[in-house]
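Since the structure comes first, as structure tokens, the remarks are kept for the end.
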Amino acid sequence: MLEKLFSMNKETASHITIICFGIKFHILRPELRKQRKSFLEKYNGIENIKEVPKAQGNLRLIQLANLGLLKQFDKICKENSINYWLDFGTLLGAQRHKSFIPWDDDIDIGMPRDDYEKFIQLFREELPMHPDLYYSFSCNGRNKCFIKLRHKKTNNIFIDIFPYDYAPSMTKEEKAVFSQKIAKLIKPKFFKYFKTEESTRAHLRKITKKLVNTDEKGSLFWGLDFPHKWANKVYDYSQIFPLKDILFEDTYFPAPNNPDEVLTSIYGNYMSIPRDVYPRHSQYNLHGSELELIKDFAKGEK
């Protein structure tokens, strides 16, 4: 009985979830609260966010290792004619800093649904040139079901790949209505009964086809697989395509045709320094063979 009234869930890298009398409280982990305070103190007095210094130490190592993974991902996609673009925090870092956001620790990628399915099939057939890489299907039963590109020897480097579906062209008002329709549809119970990857993806395809039963490509919207909190979930086709290259660290990667409009629709004024400046995904007590692997990826030797 007590467990029903009070429980603690430590499933995420950034937060501890405490459930008390049915109410959920998401508490930032103590080590991340300390890091956030350190970041904010370091940035105090900086008015131009572009002047925020790059990450250091293990966080920078993880960023550069993820960059190495991104370069491998880019090569795989180009060799197999798979379209993708930098998205969310990675696109923001490229647009604003020409590198990682100083406190970011992963890679975000957008991909049209057909390419997304093609990428999954590619890894199911295995890539002999990349035996240490694999994709995992991340479904937490609450609010996400998408794939990640991972490395078999470490959990600290990975790429989140988010699928997009096509829809007809929409006015601003129609986008708002469509986004609200999606938001109402993808409540937590929408994911509650997702069990296996195959059944989940089949169900998502079925629901998406009911939502948009057309092959017209006037706009793109976030796949129902990942119901992010932001209000606008629809882009004009011309905001994404044709893709163009953007500098990220030391390499050019594909990006939306109008990154400013895409980022503004997500973050609003993305040139301001936010309060939530802390890494969200990785652990930093690296040691032994994992530390050596991260260093090798950071140097581009893997």
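If you're wondering about the labels, chains in the structure tokens are A, B, ... by order shown, residues count from 1 in each chain, ligands from 1 in order shown.
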> Residues of region 76-263 of chain A in helix (DSSP H, G or I) according to DSSP, as a PyMOL selection string?
Replying inline: chain A and resi 76-79+88-97+113-124+172-185+189-192+197-211+237-240+259-263
>> Residues near Pro254 (chain A), anyone? I mean within 10 Å using only C-alpha atoms, not counting same-chain ones fewer than 4 positions away, as a PyMOL selection string.
In response: chain A and resi 74+83-87+91+109+242-248
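CA of Trp222 (chain A) sits 21.0 Å away from CA of Gln121 (chain A).
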What's around Phe100 (chain A) at 9 Å? Count only C-alpha atoms, leave out sequence neighbours fewer than 5 positions away in its own chain, and write the answer as a compact mmCIF listing (two decimals) with all heavy atoms, in the first residue's frame.
```txt
# COMPACT_ATOMS: atom_id res chain seq x y z
N LYS A 54 33.43 27.19 -24.71
CA LYS A 54 33.12 25.80 -24.97
C LYS A 54 33.25 24.96 -23.69
O LYS A 54 33.90 25.38 -22.73
CB LYS A 54 34.05 25.24 -26.06
CG LYS A 54 33.76 25.76 -27.45
CD LYS A 54 34.63 25.07 -28.49
CE LYS A 54 34.28 25.54 -29.90
NZ LYS A 54 35.07 24.86 -30.93
N ALA A 55 32.65 23.79 -23.73
CA ALA A 55 32.76 22.86 -22.61
C ALA A 55 34.20 22.43 -22.42
O ALA A 55 35.03 22.53 -23.34
CB ALA A 55 31.86 21.65 -22.86
N GLN A 63 31.38 15.35 -26.11
CA GLN A 63 30.92 16.10 -27.29
C GLN A 63 31.71 15.70 -28.53
O GLN A 63 31.14 15.41 -29.59
CB GLN A 63 31.06 17.60 -27.04
CG GLN A 63 30.07 18.18 -26.05
CD GLN A 63 30.24 19.67 -25.86
OE1 GLN A 63 31.25 20.24 -26.27
NE2 GLN A 63 29.27 20.31 -25.24
N GLY A 89 18.68 20.66 -30.43
CA GLY A 89 19.86 21.25 -29.80
C GLY A 89 21.09 21.26 -30.68
O GLY A 89 21.91 22.18 -30.60
N THR A 90 21.25 20.25 -31.52
CA THR A 90 22.42 20.19 -32.40
C THR A 90 22.34 21.27 -33.47
O THR A 90 23.34 21.95 -33.77
CB THR A 90 22.55 18.80 -33.06
OG1 THR A 90 22.51 17.80 -32.03
CG2 THR A 90 23.86 18.67 -33.82
N LEU A 91 21.15 21.47 -34.04
CA LEU A 91 20.96 22.55 -35.01
C LEU A 91 21.16 23.90 -34.33
O LEU A 91 21.78 24.80 -34.89
CB LEU A 91 19.57 22.46 -35.63
CG LEU A 91 19.21 23.57 -36.62
CD1 LEU A 91 20.14 23.54 -37.83
CD2 LEU A 91 17.75 23.44 -37.07
N LEU A 92 20.64 24.03 -33.12
CA LEU A 92 20.81 25.28 -32.38
C LEU A 92 22.28 25.57 -32.14
O LEU A 92 22.75 26.71 -32.31
CB LEU A 92 20.07 25.18 -31.04
CG LEU A 92 20.21 26.34 -30.06
CD1 LEU A 92 19.83 27.65 -30.71
CD2 LEU A 92 19.36 26.10 -28.83
N GLY A 93 23.05 24.53 -31.75
CA GLY A 93 24.48 24.71 -31.55
C GLY A 93 25.18 25.15 -32.82
O GLY A 93 26.02 26.05 -32.82
N ALA A 94 24.83 24.51 -33.94
CA ALA A 94 25.46 24.85 -35.22
C ALA A 94 25.11 26.28 -35.64
O ALA A 94 25.99 27.04 -36.08
CB ALA A 94 24.99 23.87 -36.30
N ASP A 105 25.20 17.44 -24.69
CA ASP A 105 25.99 16.21 -24.64
C ASP A 105 25.46 15.10 -25.53
O ASP A 105 25.77 13.92 -25.31
CB ASP A 105 26.10 15.70 -23.19
CG ASP A 105 24.73 15.39 -22.57
OD1 ASP A 105 23.71 15.69 -23.21
OD2 ASP A 105 24.70 14.85 -21.46
N ASP A 106 24.64 15.46 -26.53
CA ASP A 106 24.20 14.43 -27.47
C ASP A 106 23.96 15.05 -28.84
O ASP A 106 24.16 16.24 -29.04
CB ASP A 106 22.94 13.71 -26.96
CG ASP A 106 21.68 14.56 -27.09
OD1 ASP A 106 21.80 15.82 -27.08
OD2 ASP A 106 20.58 14.01 -27.20
N ILE A 107 23.53 14.22 -29.79
CA ILE A 107 23.27 14.67 -31.16
C ILE A 107 21.80 14.41 -31.49
O ILE A 107 21.27 13.31 -31.22
CB ILE A 107 24.14 13.89 -32.18
CG1 ILE A 107 25.63 14.12 -31.91
CG2 ILE A 107 23.78 14.28 -33.61
CD1 ILE A 107 26.15 15.48 -32.25
N PHE A 248 29.32 22.66 -38.29
CA PHE A 248 29.17 22.18 -36.92
C PHE A 248 30.53 21.64 -36.49
O PHE A 248 31.00 20.65 -37.04
CB PHE A 248 28.09 21.09 -36.85
CG PHE A 248 27.85 20.56 -35.45
CD1 PHE A 248 27.30 21.37 -34.48
CD2 PHE A 248 28.18 19.25 -35.13
CE1 PHE A 248 27.07 20.88 -33.19
CE2 PHE A 248 27.95 18.75 -33.86
CZ PHE A 248 27.41 19.57 -32.88
N GLU A 249 31.16 22.33 -35.55
CA GLU A 249 32.54 22.04 -35.15
C GLU A 249 33.46 22.22 -36.36
O GLU A 249 33.62 23.32 -36.83
CB GLU A 249 32.64 20.64 -34.54
CG GLU A 249 31.85 20.48 -33.24
CD GLU A 249 32.47 21.19 -32.04
OE1 GLU A 249 33.66 21.59 -32.11
OE2 GLU A 249 31.78 21.35 -31.01
```
Within 10 Å of Ala231 (chain A), counting only C-alpha atoms, which residues show up once you throw out same-chain ones fewer than 4 positions away? Write them as an mmCIF file with all heavy atoms, in the first residue's frame, please.
```cif
data_model
loop_
_atom_site.group_PDB
_atom_site.id
_atom_site.type_symbol
_atom_site.label_atom_id
_atom_site.label_comp_id
_atom_site.auth_asym_id
_atom_site.auth_seq_id
_atom_site.Cartn_x
_atom_site.Cartn_y
_atom_site.Cartn_z
ATOM 1 N N LYS A 175 -2.027 25.094 -39.154
ATOM 2 C CA LYS A 175 -0.922 24.460 -38.420
ATOM 3 C C LYS A 175 -1.231 24.399 -36.927
ATOM 4 O O LYS A 175 -0.972 23.385 -36.263
ATOM 5 C CB LYS A 175 0.384 25.236 -38.629
ATOM 6 C CG LYS A 175 0.995 25.098 -40.003
ATOM 7 C CD LYS A 175 2.252 25.958 -40.062
ATOM 8 C CE LYS A 175 2.834 25.984 -41.459
ATOM 9 N NZ LYS A 175 3.986 26.897 -41.571
ATOM 10 N N ALA A 176 -1.778 25.491 -36.409
ATOM 11 C CA ALA A 176 -2.097 25.533 -34.978
ATOM 12 C C ALA A 176 -3.156 24.491 -34.625
ATOM 13 O O ALA A 176 -3.038 23.779 -33.620
ATOM 14 C CB ALA A 176 -2.573 26.932 -34.591
ATOM 15 N N SER A 179 -1.572 20.993 -34.900
ATOM 16 C CA SER A 179 -0.679 20.756 -33.771
ATOM 17 C C SER A 179 -1.470 20.430 -32.505
ATOM 18 O O SER A 179 -1.087 19.556 -31.720
ATOM 19 C CB SER A 179 0.214 21.976 -33.527
ATOM 20 O OG SER A 179 1.085 22.194 -34.616
ATOM 21 N N GLN A 180 -2.582 21.135 -32.303
ATOM 22 C CA GLN A 180 -3.430 20.859 -31.143
ATOM 23 C C GLN A 180 -4.062 19.471 -31.242
ATOM 24 O O GLN A 180 -4.199 18.762 -30.235
ATOM 25 C CB GLN A 180 -4.518 21.925 -31.024
ATOM 26 C CG GLN A 180 -3.994 23.286 -30.599
ATOM 27 C CD GLN A 180 -5.041 24.378 -30.684
ATOM 28 O OE1 GLN A 180 -6.205 24.128 -31.009
ATOM 29 N NE2 GLN A 180 -4.637 25.612 -30.387
ATOM 30 N N ILE A 182 -2.723 16.880 -32.694
ATOM 31 C CA ILE A 182 -1.665 15.928 -32.346
ATOM 32 C C ILE A 182 -1.464 15.896 -30.836
ATOM 33 O O ILE A 182 -1.348 14.821 -30.229
ATOM 34 C CB ILE A 182 -0.347 16.307 -33.043
ATOM 35 C CG1 ILE A 182 -0.473 16.127 -34.557
ATOM 36 C CG2 ILE A 182 0.805 15.458 -32.508
ATOM 37 C CD1 ILE A 182 0.751 16.571 -35.331
ATOM 38 N N ALA A 183 -1.431 17.075 -30.208
ATOM 39 C CA ALA A 183 -1.201 17.156 -28.766
ATOM 40 C C ALA A 183 -2.289 16.410 -27.986
ATOM 41 O O ALA A 183 -2.003 15.747 -26.984
ATOM 42 C CB ALA A 183 -1.146 18.618 -28.333
ATOM 43 N N PRO A 227 6.377 13.106 -29.026
ATOM 44 C CA PRO A 227 5.537 14.286 -28.749
ATOM 45 C C PRO A 227 6.237 15.332 -27.893
ATOM 46 O O PRO A 227 5.995 15.458 -26.706
ATOM 47 C CB PRO A 227 4.351 13.682 -27.994
ATOM 48 C CG PRO A 227 4.940 12.515 -27.283
ATOM 49 C CD PRO A 227 5.971 11.957 -28.211
ATOM 50 N N SER A 265 10.607 28.680 -34.225
ATOM 51 C CA SER A 265 9.324 28.015 -33.966
ATOM 52 C C SER A 265 9.420 27.080 -32.764
ATOM 53 O O SER A 265 8.422 26.825 -32.093
ATOM 54 C CB SER A 265 8.864 27.234 -35.199
ATOM 55 O OG SER A 265 9.597 26.038 -35.354
ATOM 56 N N ILE A 266 10.627 26.579 -32.472
ATOM 57 C CA ILE A 266 10.811 25.672 -31.336
ATOM 58 C C ILE A 266 11.118 26.449 -30.057
ATOM 59 O O ILE A 266 10.454 26.274 -29.029
ATOM 60 C CB ILE A 266 11.967 24.681 -31.611
ATOM 61 C CG1 ILE A 266 11.682 23.826 -32.836
ATOM 62 C CG2 ILE A 266 12.194 23.775 -30.392
ATOM 63 C CD1 ILE A 266 12.865 22.966 -33.275
#
```
>> My list of candidates is A:Phe158, A:Phe88, A:Tyr116, A:Phe123. Which is closest to Tyr270 (chain A) when distances are computed with only C-alpha atoms?
In response: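 Under the stated criterion, the closest residue is A:Phe88.
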>> Taking 4 positions as the minimum chain separation for residues in the same chain, which residues sit within 10 Å of Ile159 (chain A) when counting only C-alpha atoms? Answer as a list in words.
In response: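 Within the cut-off, the hits are Asn66, Leu67, Leu69, Leu70, Phe73, Asp106, Ile107, Asp108, Ile109, Tyr135, Ile147, Lys148, Leu149, Arg150 and His151 of chain A.
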Limited to all heavy atoms, could you put the picked residues into a file as a compact mmCIF listing (two decimals), in the first residue's frame?
```
# COMPACT_ATOMS: atom_id res chain seq x y z
N ASN A 66 30.88 12.26 -29.69
CA ASN A 66 29.60 12.28 -30.42
C ASN A 66 29.78 12.87 -31.82
O ASN A 66 29.11 12.45 -32.76
CB ASN A 66 28.56 13.08 -29.64
CG ASN A 66 27.78 12.24 -28.66
OD1 ASN A 66 27.28 11.18 -29.01
ND2 ASN A 66 27.68 12.69 -27.42
N LEU A 67 30.68 13.83 -31.95
CA LEU A 67 30.99 14.37 -33.27
C LEU A 67 31.58 13.28 -34.15
O LEU A 67 31.23 13.16 -35.33
CB LEU A 67 31.98 15.53 -33.14
CG LEU A 67 32.49 16.14 -34.45
CD1 LEU A 67 31.35 16.78 -35.24
CD2 LEU A 67 33.60 17.17 -34.18
N LEU A 69 30.99 10.11 -33.89
CA LEU A 69 29.88 9.22 -34.24
C LEU A 69 29.02 9.85 -35.33
O LEU A 69 28.56 9.16 -36.26
CB LEU A 69 29.03 8.94 -33.00
CG LEU A 69 27.86 7.96 -33.16
CD1 LEU A 69 28.37 6.58 -33.58
CD2 LEU A 69 27.07 7.86 -31.86
N LEU A 70 28.79 11.16 -35.24
CA LEU A 70 28.01 11.86 -36.26
C LEU A 70 28.68 11.77 -37.63
O LEU A 70 28.00 11.60 -38.65
CB LEU A 70 27.83 13.33 -35.86
CG LEU A 70 27.11 14.24 -36.87
CD1 LEU A 70 25.70 13.73 -37.15
CD2 LEU A 70 27.07 15.68 -36.35
N PHE A 73 27.91 8.42 -38.95
CA PHE A 73 26.50 8.42 -39.35
C PHE A 73 26.31 9.13 -40.68
O PHE A 73 25.60 8.64 -41.57
CB PHE A 73 25.69 9.11 -38.24
CG PHE A 73 24.26 9.40 -38.60
CD1 PHE A 73 23.27 8.44 -38.46
CD2 PHE A 73 23.88 10.66 -39.06
CE1 PHE A 73 21.95 8.71 -38.78
CE2 PHE A 73 22.57 10.95 -39.38
CZ PHE A 73 21.61 9.96 -39.25
N ASP A 106 24.64 15.46 -26.53
CA ASP A 106 24.20 14.43 -27.47
C ASP A 106 23.96 15.05 -28.84
O ASP A 106 24.16 16.24 -29.04
CB ASP A 106 22.94 13.71 -26.96
CG ASP A 106 21.68 14.56 -27.09
OD1 ASP A 106 21.80 15.82 -27.08
OD2 ASP A 106 20.58 14.01 -27.20
N ILE A 107 23.53 14.22 -29.79
CA ILE A 107 23.27 14.67 -31.16
C ILE A 107 21.80 14.41 -31.49
O ILE A 107 21.27 13.31 -31.22
CB ILE A 107 24.14 13.89 -32.18
CG1 ILE A 107 25.63 14.12 -31.91
CG2 ILE A 107 23.78 14.28 -33.61
CD1 ILE A 107 26.15 15.48 -32.25
N ASP A 108 21.13 15.42 -32.06
CA ASP A 108 19.74 15.29 -32.49
C ASP A 108 19.66 15.37 -34.01
O ASP A 108 20.23 16.29 -34.61
CB ASP A 108 18.87 16.41 -31.88
CG ASP A 108 18.82 16.34 -30.37
OD1 ASP A 108 18.72 15.23 -29.83
OD2 ASP A 108 18.89 17.41 -29.71
N ILE A 109 18.94 14.44 -34.59
CA ILE A 109 18.81 14.35 -36.04
C ILE A 109 17.34 14.25 -36.43
O ILE A 109 16.56 13.54 -35.81
CB ILE A 109 19.55 13.08 -36.55
CG1 ILE A 109 21.06 13.22 -36.37
CG2 ILE A 109 19.20 12.79 -38.01
CD1 ILE A 109 21.69 14.35 -37.13
N TYR A 135 21.45 0.20 -33.83
CA TYR A 135 20.37 1.10 -33.45
C TYR A 135 19.55 0.44 -32.36
O TYR A 135 19.41 -0.78 -32.31
CB TYR A 135 19.49 1.45 -34.67
CG TYR A 135 18.36 0.48 -34.93
CD1 TYR A 135 17.11 0.66 -34.33
CD2 TYR A 135 18.54 -0.62 -35.76
CE1 TYR A 135 16.08 -0.24 -34.56
CE2 TYR A 135 17.50 -1.51 -36.00
CZ TYR A 135 16.28 -1.31 -35.39
OH TYR A 135 15.26 -2.19 -35.60
N ILE A 147 14.32 5.93 -32.55
CA ILE A 147 15.54 5.12 -32.56
C ILE A 147 16.76 5.95 -32.22
O ILE A 147 16.78 7.17 -32.39
CB ILE A 147 15.73 4.41 -33.92
CG1 ILE A 147 15.89 5.43 -35.05
CG2 ILE A 147 14.60 3.44 -34.20
CD1 ILE A 147 16.25 4.79 -36.39
N LYS A 148 17.78 5.26 -31.71
CA LYS A 148 19.06 5.86 -31.40
C LYS A 148 20.15 5.07 -32.10
O LYS A 148 20.07 3.83 -32.14
CB LYS A 148 19.33 5.82 -29.89
CG LYS A 148 18.41 6.68 -29.02
CD LYS A 148 18.69 6.39 -27.55
CE LYS A 148 17.87 7.28 -26.64
NZ LYS A 148 18.48 8.59 -26.41
N LEU A 149 21.15 5.76 -32.60
CA LEU A 149 22.35 5.09 -33.08
C LEU A 149 23.32 5.04 -31.91
O LEU A 149 23.62 6.07 -31.31
CB LEU A 149 22.98 5.84 -34.25
CG LEU A 149 24.26 5.21 -34.82
CD1 LEU A 149 23.97 3.84 -35.42
CD2 LEU A 149 24.91 6.11 -35.85
N ARG A 150 23.79 3.84 -31.57
CA ARG A 150 24.61 3.65 -30.38
C ARG A 150 25.91 2.92 -30.72
O ARG A 150 26.07 2.37 -31.80
CB ARG A 150 23.85 2.83 -29.33
CG ARG A 150 22.66 3.54 -28.71
CD ARG A 150 22.06 2.69 -27.62
NE ARG A 150 21.00 3.35 -26.89
CZ ARG A 150 21.18 4.16 -25.86
NH1 ARG A 150 22.42 4.44 -25.45
NH2 ARG A 150 20.16 4.70 -25.22
N HIS A 151 26.80 2.90 -29.73
CA HIS A 151 28.04 2.13 -29.81
C HIS A 151 27.96 1.02 -28.77
O HIS A 151 27.52 1.24 -27.64
CB HIS A 151 29.25 3.02 -29.56
CG HIS A 151 30.56 2.39 -29.93
ND1 HIS A 151 31.17 1.41 -29.16
CD2 HIS A 151 31.36 2.57 -31.02
CE1 HIS A 151 32.28 1.03 -29.74
NE2 HIS A 151 32.42 1.70 -30.87
```
> How would you write, as a VMD selection string, the set of residues in region 109-157 of chain A that DSSP gives as strand (DSSP E)?
Replying inline: chain A and resid 109 to 112 133 to 139 145 to 151 154 to 157
Residues from the last selection, N, CA and C atoms, saved as a PDB file, in the first residue's frame:
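Result file selection-v2.pdb:
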```pdb
ATOM      1  N   ILE A 109      18.937  14.444 -34.588  1.00  0.00           N
ATOM      2  CA  ILE A 109      18.815  14.348 -36.042  1.00  0.00           C
ATOM      3  C   ILE A 109      17.338  14.249 -36.435  1.00  0.00           C
ATOM      4  N   GLY A 110      16.948  14.969 -37.504  1.00  0.00           N
ATOM      5  CA  GLY A 110      15.628  14.819 -38.102  1.00  0.00           C
ATOM      6  C   GLY A 110      15.735  13.997 -39.375  1.00  0.00           C
ATOM      7  N   MET A 111      14.691  13.206 -39.665  1.00  0.00           N
ATOM      8  CA  MET A 111      14.752  12.336 -40.833  1.00  0.00           C
ATOM      9  C   MET A 111      13.335  12.072 -41.361  1.00  0.00           C
ATOM     10  N   PRO A 112      13.111  12.222 -42.671  1.00  0.00           N
ATOM     11  CA  PRO A 112      11.802  11.883 -43.227  1.00  0.00           C
ATOM     12  C   PRO A 112      11.476  10.410 -42.975  1.00  0.00           C
ATOM     13  N   LEU A 133      28.551  -0.443 -34.255  1.00  0.00           N
ATOM     14  CA  LEU A 133      27.397   0.441 -34.192  1.00  0.00           C
ATOM     15  C   LEU A 133      26.099  -0.350 -34.327  1.00  0.00           C
ATOM     16  N   TYR A 134      25.070   0.111 -33.661  1.00  0.00           N
ATOM     17  CA  TYR A 134      23.760  -0.528 -33.768  1.00  0.00           C
ATOM     18  C   TYR A 134      22.683   0.504 -33.454  1.00  0.00           C
ATOM     19  N   TYR A 135      21.454   0.200 -33.831  1.00  0.00           N
ATOM     20  CA  TYR A 135      20.371   1.098 -33.455  1.00  0.00           C
ATOM     21  C   TYR A 135      19.555   0.443 -32.360  1.00  0.00           C
ATOM     22  N   SER A 136      19.042   1.251 -31.462  1.00  0.00           N
ATOM     23  CA  SER A 136      18.137   0.751 -30.427  1.00  0.00           C
ATOM     24  C   SER A 136      16.821   1.492 -30.543  1.00  0.00           C
ATOM     25  N   PHE A 137      15.755   0.818 -30.199  1.00  0.00           N
ATOM     26  CA  PHE A 137      14.429   1.421 -30.235  1.00  0.00           C
ATOM     27  C   PHE A 137      14.106   1.893 -28.826  1.00  0.00           C
ATOM     28  N   SER A 138      14.057   3.199 -28.631  1.00  0.00           N
ATOM     29  CA  SER A 138      13.845   3.779 -27.304  1.00  0.00           C
ATOM     30  C   SER A 138      12.366   4.105 -27.114  1.00  0.00           C
ATOM     31  N   CYS A 139      11.693   3.309 -26.311  1.00  0.00           N
ATOM     32  CA  CYS A 139      10.260   3.530 -26.052  1.00  0.00           C
ATOM     33  C   CYS A 139      10.028   3.408 -24.552  1.00  0.00           C
ATOM     34  N   CYS A 145       8.988   7.221 -28.613  1.00  0.00           N
ATOM     35  CA  CYS A 145       9.312   5.964 -29.294  1.00  0.00           C
ATOM     36  C   CYS A 145      10.098   6.322 -30.548  1.00  0.00           C
ATOM     37  N   PHE A 146      11.408   6.383 -30.432  1.00  0.00           N
ATOM     38  CA  PHE A 146      12.225   6.686 -31.601  1.00  0.00           C
ATOM     39  C   PHE A 146      13.507   5.870 -31.511  1.00  0.00           C
ATOM     40  N   ILE A 147      14.317   5.932 -32.550  1.00  0.00           N
ATOM     41  CA  ILE A 147      15.535   5.122 -32.562  1.00  0.00           C
ATOM     42  C   ILE A 147      16.762   5.949 -32.220  1.00  0.00           C
ATOM     43  N   LYS A 148      17.778   5.261 -31.714  1.00  0.00           N
ATOM     44  CA  LYS A 148      19.058   5.865 -31.396  1.00  0.00           C
ATOM     45  C   LYS A 148      20.151   5.066 -32.095  1.00  0.00           C
ATOM     46  N   LEU A 149      21.146   5.757 -32.605  1.00  0.00           N
ATOM     47  CA  LEU A 149      22.349   5.085 -33.080  1.00  0.00           C
ATOM     48  C   LEU A 149      23.316   5.043 -31.906  1.00  0.00           C
ATOM     49  N   ARG A 150      23.788   3.836 -31.574  1.00  0.00           N
ATOM     50  CA  ARG A 150      24.613   3.647 -30.380  1.00  0.00           C
ATOM     51  C   ARG A 150      25.913   2.916 -30.715  1.00  0.00           C
ATOM     52  N   HIS A 151      26.804   2.903 -29.727  1.00  0.00           N
ATOM     53  CA  HIS A 151      28.042   2.130 -29.814  1.00  0.00           C
ATOM     54  C   HIS A 151      27.965   1.019 -28.773  1.00  0.00           C
ATOM     55  N   THR A 154      29.864   1.653 -25.156  1.00  0.00           N
ATOM     56  CA  THR A 154      29.612   2.776 -24.250  1.00  0.00           C
ATOM     57  C   THR A 154      28.197   3.301 -24.425  1.00  0.00           C
ATOM     58  N   ASN A 155      27.592   3.747 -23.332  1.00  0.00           N
ATOM     59  CA  ASN A 155      26.267   4.375 -23.385  1.00  0.00           C
ATOM     60  C   ASN A 155      26.365   5.888 -23.453  1.00  0.00           C
ATOM     61  N   ASN A 156      27.576   6.416 -23.450  1.00  0.00           N
ATOM     62  CA  ASN A 156      27.763   7.858 -23.340  1.00  0.00           C
ATOM     63  C   ASN A 156      27.832   8.592 -24.662  1.00  0.00           C
ATOM     64  N   ILE A 157      27.836   7.873 -25.783  1.00  0.00           N
ATOM     65  CA  ILE A 157      27.734   8.547 -27.072  1.00  0.00           C
ATOM     66  C   ILE A 157      26.579   7.920 -27.851  1.00  0.00           C
TER      67      ILE A 157
END
```
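Of the listed residues (A:Asp215, A:Leu286, A:Lys192, A:Met271), A:Met271 comes nearest to Ile49 (chain A); the distances count only C-alpha atoms.
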Find the residues near Glu117 (chain A): any atom within 10 Å, counting only C-alpha atoms, skip ones fewer than 6 places away on the same chain, and give them as a PDB file with C-alpha atoms, in the first residue's frame.
```
ATOM      1  CA  ILE A  82      19.426   8.631 -46.797  1.00  0.00           C
ATOM      2  CA  MET A 111      14.752  12.336 -40.833  1.00  0.00           C
ATOM      3  CA  PRO A 163      11.071  10.833 -37.789  1.00  0.00           C
ATOM      4  CA  ARG A 201       5.740   1.167 -35.393  1.00  0.00           C
TER       5      ARG A 201
END
```
>> Given only C-alpha atoms as the basis, pick out the residue of A:Pro256, A:Asn58, A:Phe191, A:Gly68 nearest to His287 (chain A).
In response: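 Nearest candidate to His287 (chain A) out of A:Pro256, A:Asn58, A:Phe191, A:Gly68: A:Asn58.
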> For Glu174 (chain A), which residue out of A:Leu291, A:Glu261, A:Val234, A:Ser99 is the nearest one, using only C-alpha atoms?
Replying inline: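 The answer is A:Val234, which sits nearest to Glu174 (chain A).
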